[in-house]
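Q: Following this line is input-v2.cif, made up of mmCIF, C-alpha atoms:
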```cif
data_start
#
loop_
_atom_site.label_atom_id
_atom_site.label_comp_id
_atom_site.auth_asym_id
_atom_site.auth_seq_id
_atom_site.Cartn_x
_atom_site.Cartn_y
_atom_site.Cartn_z
CA MET A 1 -9.33 27.19 7.34
CA GLY A 2 -7.17 28.84 4.68
CA LEU A 3 -4.61 27.07 2.56
CA ALA A 4 -1.04 26.89 3.78
CA ILE A 5 1.38 27.24 0.87
CA VAL A 6 4.46 25.13 1.33
CA GLY A 7 7.34 25.53 -1.10
CA CYS A 8 9.53 22.63 -2.15
CA PRO A 9 11.93 22.05 -5.05
CA GLY A 10 10.69 20.46 -8.24
CA ARG A 11 8.39 21.46 -11.09
CA ARG A 12 5.79 18.76 -11.51
CA ARG A 13 2.20 19.71 -10.75
CA LEU A 14 0.14 17.43 -8.55
CA LYS A 15 -3.41 17.11 -9.86
CA SER A 16 -5.44 14.03 -8.98
CA CYS A 17 -3.80 13.45 -5.61
CA ARG A 18 -4.34 17.04 -4.54
CA GLU A 19 -7.95 16.84 -5.66
CA GLN A 20 -8.28 13.75 -3.49
CA ARG A 21 -7.18 15.93 -0.53
CA GLY A 22 -4.34 13.65 0.41
CA HIS A 23 -6.14 10.31 0.34
CA ASN A 24 -4.70 7.32 -1.44
CA CYS A 25 -4.81 7.81 -5.21
CA ASP A 26 -4.33 4.16 -6.14
CA PRO A 27 -7.31 3.42 -8.44
CA SER A 28 -6.96 -0.32 -8.01
CA SER A 29 -7.49 -0.11 -4.25
CA LEU A 30 -10.65 1.90 -4.81
CA ILE A 31 -11.91 -0.78 -7.20
CA PHE A 32 -11.46 -3.58 -4.68
CA LYS A 33 -12.63 -1.52 -1.70
CA LYS A 34 -15.92 -0.26 -3.06
CA MET A 35 -17.17 -2.88 -5.50
CA GLY A 36 -18.80 -6.22 -4.93
CA SER A 37 -17.59 -9.35 -6.71
CA ALA A 38 -20.14 -9.13 -9.53
CA LYS A 39 -19.42 -5.46 -10.12
CA MET A 40 -15.67 -6.03 -10.05
CA CYS A 41 -15.96 -8.89 -12.55
CA GLY A 42 -18.07 -6.65 -14.79
CA LEU A 43 -15.54 -3.85 -14.50
CA LEU A 44 -12.63 -6.15 -15.34
CA THR A 45 -14.54 -7.51 -18.33
CA ALA A 46 -15.39 -4.03 -19.61
CA SER A 47 -11.82 -2.86 -18.97
CA PHE A 48 -10.40 -5.80 -20.87
CA LEU A 49 -12.66 -5.20 -23.87
CA LEU A 50 -11.84 -1.51 -23.90
CA LEU A 51 -8.10 -2.19 -23.65
CA THR A 52 -8.39 -4.69 -26.50
CA LEU A 53 -10.31 -2.29 -28.74
CA LEU A 54 -7.94 0.58 -28.09
CA GLY A 55 -4.81 -1.51 -28.26
CA TYR A 56 -3.85 -0.21 -24.84
CA THR A 57 -1.00 -2.19 -23.33
CA GLU A 58 0.74 0.25 -21.01
CA ALA A 59 1.59 -0.92 -17.51
CA CYS A 60 -0.34 0.17 -14.45
CA SER A 61 0.73 3.51 -12.94
CA CYS A 62 0.85 3.77 -9.14
CA ALA A 63 0.82 6.86 -6.92
CA PRO A 64 3.51 7.05 -4.20
CA ARG A 65 2.37 5.79 -0.82
CA HIS A 66 4.17 6.01 2.49
CA PRO A 67 4.28 2.70 4.44
CA GLN A 68 2.00 4.28 7.04
CA THR A 69 -0.55 5.17 4.35
CA ALA A 70 -0.34 1.62 2.98
CA TYR A 71 -0.99 0.25 6.47
CA CYS A 72 -3.87 2.58 7.26
CA THR A 73 -5.71 2.18 3.96
CA ALA A 74 -5.37 -1.62 3.81
CA ASP A 75 -7.87 -4.09 5.21
CA ILE A 76 -5.19 -6.73 5.73
CA VAL A 77 -1.48 -6.39 6.59
CA ILE A 78 0.40 -9.66 6.98
CA LYS A 79 3.87 -11.19 6.87
CA GLY A 80 4.72 -14.54 5.35
CA LYS A 81 5.91 -16.45 2.30
CA PHE A 82 4.60 -16.78 -1.24
CA MET A 83 4.34 -20.57 -1.67
CA SER A 84 2.84 -21.13 -5.14
CA VAL A 85 0.69 -19.55 -7.83
CA SER A 86 -2.20 -20.82 -9.94
CA LYS A 87 -4.34 -19.34 -12.70
CA LYS A 88 -8.11 -19.18 -12.30
CA PRO A 89 -10.60 -18.18 -15.03
CA LEU A 90 -13.13 -15.45 -14.32
CA ASN A 91 -16.75 -16.32 -14.96
CA ILE A 92 -17.58 -14.12 -17.97
CA SER A 93 -19.86 -14.87 -20.89
CA MET A 94 -18.34 -12.83 -23.71
CA GLY A 95 -15.05 -11.70 -25.17
CA GLU A 96 -11.62 -13.21 -24.67
CA PRO A 97 -11.12 -15.38 -21.56
CA MET A 98 -9.89 -13.50 -18.52
CA TRP A 99 -7.83 -14.86 -15.69
CA THR A 100 -6.95 -14.07 -12.13
CA LEU A 101 -3.80 -15.24 -10.36
CA VAL A 102 -4.17 -16.91 -6.97
CA TYR A 103 -1.08 -16.99 -4.78
CA GLU A 104 -0.89 -19.50 -1.97
CA PHE A 105 0.52 -17.60 1.01
CA LYS A 106 1.86 -18.96 4.30
CA THR A 107 1.07 -16.31 6.92
CA ASN A 108 3.23 -16.19 10.03
CA LYS A 109 2.25 -12.75 11.37
CA ILE A 110 -0.91 -10.63 11.14
CA TYR A 111 -0.46 -6.90 11.77
CA LYS A 112 -3.94 -5.80 10.76
CA ALA A 113 -7.09 -7.76 9.97
CA PRO A 114 -10.82 -7.76 10.71
CA LYS A 115 -11.76 -9.15 14.08
CA GLY A 116 -11.83 -12.93 14.05
CA MET A 117 -9.57 -13.40 11.02
CA GLN A 118 -6.71 -15.59 12.19
CA ASP A 119 -5.11 -16.68 8.93
CA VAL A 120 -4.71 -15.67 5.28
CA ARG A 121 -3.95 -18.51 2.89
CA PHE A 122 -4.57 -17.02 -0.57
CA LEU A 123 -3.94 -13.69 -2.32
CA HIS A 124 -5.83 -12.78 -5.52
CA THR A 125 -4.71 -10.41 -8.29
CA PRO A 126 -5.64 -9.70 -11.94
CA ALA A 127 -3.52 -11.70 -14.37
CA MET A 128 -3.08 -8.69 -16.68
CA GLU A 129 -0.37 -6.16 -15.95
CA SER A 130 -2.47 -3.40 -17.54
CA LEU A 131 -5.14 -4.08 -14.88
CA CYS A 132 -2.54 -3.66 -12.12
CA GLY A 133 -1.96 -7.38 -11.67
CA TYR A 134 0.88 -8.30 -9.30
CA GLU A 135 3.60 -10.70 -10.47
CA HIS A 136 5.78 -12.24 -7.78
CA LYS A 137 9.17 -12.54 -9.46
CA ALA A 138 11.12 -13.84 -6.46
CA PRO A 139 11.40 -17.60 -5.79
CA MET A 140 8.43 -19.29 -4.15
CA ASN A 141 8.85 -20.44 -0.55
CA GLY A 142 11.69 -17.97 -0.19
CA GLU A 143 12.08 -14.99 2.09
CA ASP A 144 9.31 -13.38 4.12
CA TYR A 145 7.26 -10.53 2.62
CA VAL A 146 5.00 -7.93 4.17
CA VAL A 147 1.77 -7.62 2.18
CA ALA A 148 -0.99 -5.00 2.50
CA GLY A 149 -4.19 -6.08 0.76
CA MET A 150 -7.87 -5.25 0.41
CA LEU A 151 -10.80 -7.51 1.27
CA GLU A 152 -13.30 -8.33 -1.46
CA GLY A 153 -15.82 -10.60 0.22
CA ASP A 154 -13.70 -13.41 1.65
CA ASP A 155 -10.85 -12.85 -0.81
CA VAL A 156 -7.72 -10.80 -0.15
CA MET A 157 -6.91 -8.74 -3.25
CA ILE A 158 -3.47 -7.37 -4.14
CA THR A 159 -2.22 -5.37 -7.13
CA SER A 160 1.06 -4.08 -8.48
CA CYS A 161 0.31 -0.89 -6.51
CA SER A 162 -0.03 -2.74 -3.20
CA PHE A 163 2.60 -2.44 -0.48
CA ILE A 164 4.50 -5.73 -0.93
CA GLN A 165 8.04 -5.62 0.43
CA PRO A 166 10.65 -8.16 1.52
CA TRP A 167 10.80 -8.19 5.32
CA ALA A 168 14.60 -8.11 5.27
CA GLN A 169 14.56 -4.78 3.39
CA LEU A 170 12.37 -2.96 5.93
CA SER A 171 14.15 -0.65 8.35
CA PRO A 172 13.85 -1.19 12.14
CA ALA A 173 11.60 1.89 12.28
CA GLN A 174 9.29 0.51 9.59
CA ARG A 175 9.03 -2.77 11.48
CA ARG A 176 8.16 -0.86 14.63
CA GLY A 177 5.58 1.12 12.66
CA LEU A 178 3.86 -2.04 11.44
CA SER A 179 3.86 -3.57 14.91
CA LEU A 180 2.96 -0.58 17.06
CA THR A 181 2.97 2.93 15.65
CA TYR A 182 1.36 3.35 12.22
CA ARG A 183 -2.11 2.55 13.59
CA LYS A 184 -1.87 5.60 15.88
CA GLY A 185 -1.58 7.90 12.85
CA CYS A 186 -4.45 6.63 10.71
CA ASN A 187 -6.39 9.88 11.27
CA CYS A 188 -3.44 11.80 9.83
CA THR A 189 -2.81 12.23 6.08
CA ILE A 190 0.59 12.01 4.38
CA MET A 191 0.83 14.27 1.33
CA PRO A 192 3.51 13.47 -1.32
CA CYS A 193 5.21 16.74 -2.29
CA THR A 194 5.45 16.82 -6.09
CA SER A 195 4.69 20.43 -7.02
CA VAL A 196 5.72 24.04 -6.46
CA PRO A 197 4.12 25.53 -4.50
CA PHE A 198 2.41 22.68 -2.70
CA GLU A 199 -0.92 23.29 -1.02
CA ILE A 200 -2.02 21.61 2.19
CA SER A 201 -5.44 22.26 3.59
CA SER A 202 -5.34 20.82 7.08
CA ASN A 203 -3.13 20.66 10.17
CA SER A 204 -3.67 16.90 10.09
CA GLN A 205 -1.50 16.61 6.95
CA CYS A 206 2.23 15.87 6.88
CA LEU A 207 4.27 16.89 3.83
CA TRP A 208 6.25 13.96 2.39
CA THR A 209 9.33 15.19 0.51
CA ASP A 210 11.38 12.00 0.00
CA GLY A 211 10.45 11.95 -3.69
CA LEU A 212 12.35 15.17 -4.33
CA GLU A 213 15.61 13.31 -3.74
CA SER A 214 14.63 9.91 -5.11
CA ARG A 215 11.70 9.16 -7.36
CA VAL A 216 11.27 5.82 -5.59
CA TRP A 217 10.15 7.71 -2.45
CA ASP A 218 12.43 5.70 -0.19
CA GLY A 219 14.11 8.39 1.90
CA PRO A 220 14.30 9.13 5.64
CA GLN A 221 10.62 10.00 6.06
CA ALA A 222 9.61 6.61 4.64
CA LYS A 223 12.32 4.63 6.42
CA ARG A 224 12.42 6.28 9.84
CA MET A 225 9.33 8.43 10.44
CA ALA A 226 5.57 8.38 10.95
CA CYS A 227 2.93 11.13 10.75
CA LEU A 228 1.31 11.11 14.20
CA PRO A 229 -1.07 13.29 16.23
CA ARG A 230 0.61 16.03 18.22
CA LEU A 231 0.39 15.91 21.98
CA ASN A 232 -2.64 17.62 23.54
CA THR A 233 -4.37 18.14 20.18
CA THR A 234 -7.18 16.36 18.39
CA ASP A 235 -6.73 17.58 14.81
CA ALA A 236 -3.03 18.30 14.25
CA CYS A 237 -0.31 15.91 13.10
CA SER A 238 3.44 16.12 12.57
CA TRP A 239 6.37 13.92 11.60
CA LYS A 240 7.97 11.93 14.42
CA VAL A 241 11.07 9.76 14.32
CA LEU A 242 10.30 6.19 15.31
CA VAL A 243 12.82 5.44 18.03
CA THR A 244 14.00 1.86 17.87
CA GLN A 245 16.48 2.05 20.74
CA GLY A 246 15.29 0.79 24.09
CA PRO A 247 15.58 -2.11 26.49
CA GLY A 248 17.34 -4.94 24.72
CA ASN A 249 14.58 -7.49 24.99
CA LEU A 250 11.92 -5.05 23.72
CA ARG A 251 14.05 -3.95 20.78
CA ARG A 252 14.89 -7.52 19.77
CA SER A 253 11.21 -8.43 20.01
CA LEU A 254 10.18 -5.56 17.71
CA LEU A 255 12.78 -6.43 15.11
CA LYS A 256 11.55 -10.04 14.93
CA GLN A 257 7.86 -9.21 14.58
#
```
How would this structure read if it were set down as structure tokens?
A:
Amino acid sequence: MGLAIVGCPGRRRLKSCREQRGHNCDPSSLIFKKMGSAKMCGLLTASFLLLTLLGYTEACSCAPRHPQTAYCTADIVIKGKFMSVSKKPLNISMGEPMWTLVYEFKTNKIYKAPKGMQDVRFLHTPAMESLCGYEHKAPMNGEDYVVAGMLEGDDVMITSCSFIQPWAQLSPAQRRGLSLTYRKGCNCTIMPCTSVPFEISSNSQCLWTDGLESRVWDGPQAKRMACLPRLNTTDACSWKVLVTQGPGNLRRSLLKQ
């Protein structure tokens, strides 16, 4: 199939994300998804030594991800409260000591998890910001958060690039997406539009343009829409507004989930 050229305002060229053909470009999620514990520890050790030698202290850089993409690419999506945090040393034999942060988490809703997993009590993240470590700056035992994480063995890993949002700040459509709709679009791909012209290579891709108006990518497509399969097709997707109006009891139920 040939390339469809879609024009959009803006001048920045998309490179790595386009080369990934629309898949998530968050390097930290790839680390946790594909590496075993020993390999990940080795990578973190090597990364730390390299950062130390080069004097590299810049913060982690994250690619934009639609809430649907965050849901579909995560192993775990939960809602609950951050209760406390502790620091745990990694088992390494050389160099400066390295640490991981362990957040105690009180889960009250599971939106996505492997079969048989009924609770998540701890969330793990690198202690270093340059390794995409997540720092929870809000008060502990405060408001509910939605967290999308990756499984590494029995541990749930999060990073500063993970989808971690206060529940109260999610729109009704986003709440409906987490509860019912996003899972239906996991064979679709959401492409952030950041270049002119922008190339898409498949009918299963939806062009995400919120970032042209706001660099935080928090516009109407993120707040009110999902990329879902078209009716009577197997390989084509398009944006659809997530309708939150309906019978009163159903609507109230969705908003509470």
Q: With distances taken over all atoms listed in the file, which residue among A:Leu151, A:Val146, A:Val243, A:Cys62 lies nearest Val216 (chain A)?
A: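 Closest to Val216 (chain A) of all the choices is A:Cys62.
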Q: How far is it from CA of Pro139 (chain A) to CA of Ser214 (chain A), in Å with one decimal?
A: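 According to the coordinates, CA of Pro139 (chain A) and CA of Ser214 (chain A) are separated by 27.7 Å.
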Q: Once the PyMOL selection byres ((chain A and resi 121) around 8) is applied to the coordinates I shared, what remains selected? I want it as a list of chain:residue names.
A: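 That selection, the PyMOL selection byres ((chain A and resi 121) around 8), comes back as A:Glu104, A:Phe105, A:Lys106, A:Thr107, A:Asp119, A:Val120, A:Phe122, A:Leu123.
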Q: Restricting the calculation to all atoms listed in the file, which member of A:Cys161, A:Ala127, A:Leu242, A:Ala148 is positioned closest to Ile110 (chain A)?
A: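 So, comparing all the options, the nearest one is A:Ala148.
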Q: Give me, as a list in words, all polymer residues having an atom no more than 8 Å from Val147 (chain A), counting all atoms listed in the file and skipping those fewer than 3 positions away in the same chain.
A: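 Neighbouring residues, sequence-local ones excluded: Ile76, Val77, Ile78, Lys79, Ser162, Phe163, Ile164 and Gln165 of chain A.
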Q: Could you name the residues that touch Thr69 (chain A) at 10 Å or less, counting all atoms listed in the file, but leaving out those on the same chain fewer than 3 positions away, as a list of chain:residue names?
A: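 Answer for this query is A:His23, A:Asn24, A:Pro64, A:Arg65, A:His66, A:Cys72, A:Thr73, A:Ala74, A:Phe163, A:Tyr182, A:Arg183, A:Gly185, A:Cys186, A:Cys188, A:Thr189, A:Ile190, A:Met191, A:Ala226, A:Cys227.
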Q: Name all residues at most 9 Å from His136 (chain A) (count all atoms listed in the file; drop same-chain ones fewer than 4 positions away) and give them as a compact mmCIF listing (two decimals) with C-alpha atoms, keeping the file's coordinate frame.
A:
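Produced file around.txt, reproduced below:
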```txt
# COMPACT_ATOMS: atom_id res chain seq x y z
CA PHE A 82 4.60 -16.78 -1.24
CA VAL A 85 0.69 -19.55 -7.83
CA TYR A 103 -1.08 -16.99 -4.78
CA MET A 140 8.43 -19.29 -4.15
```
Q: Record the distance separating CA of Thr194 (chain A) and CA of Pro67 (chain A), expressed in Å with one decimal.
A: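 Rounded to one decimal, the two atoms are 17.7 Å apart.
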Q: Please measure the separation of CA of Leu170 (chain A) and CA of Ala236 (chain A), giving the value in Å to one decimal.
A: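 These two atoms are separated by 27.5 Å.
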Q: Which is closer to Pro220 (chain A) than all the others in A:Ser171, A:Ser201, A:Thr159, A:Cys132, using all atoms listed in the file?
A: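 Closest candidate: A:Ser171.
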Q: Determine, counting all atoms listed in the file, which protein, DNA and RNA residues have an atom within 8 Å of an atom of Gly211 (chain A); residues of the same chain fewer than 4 positions away are not included. Present the result as a PyMOL selection string.
A: chain A and resi 192-194+215-219
Q: Ranking A:Arg224, A:Gly116, A:Thr234, A:Ser86 by minimum distance to Pro172 (chain A) and counting all atoms listed in the file, which one comes first?
A: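 Selected residue with least distance to Pro172 (chain A): A:Arg224.
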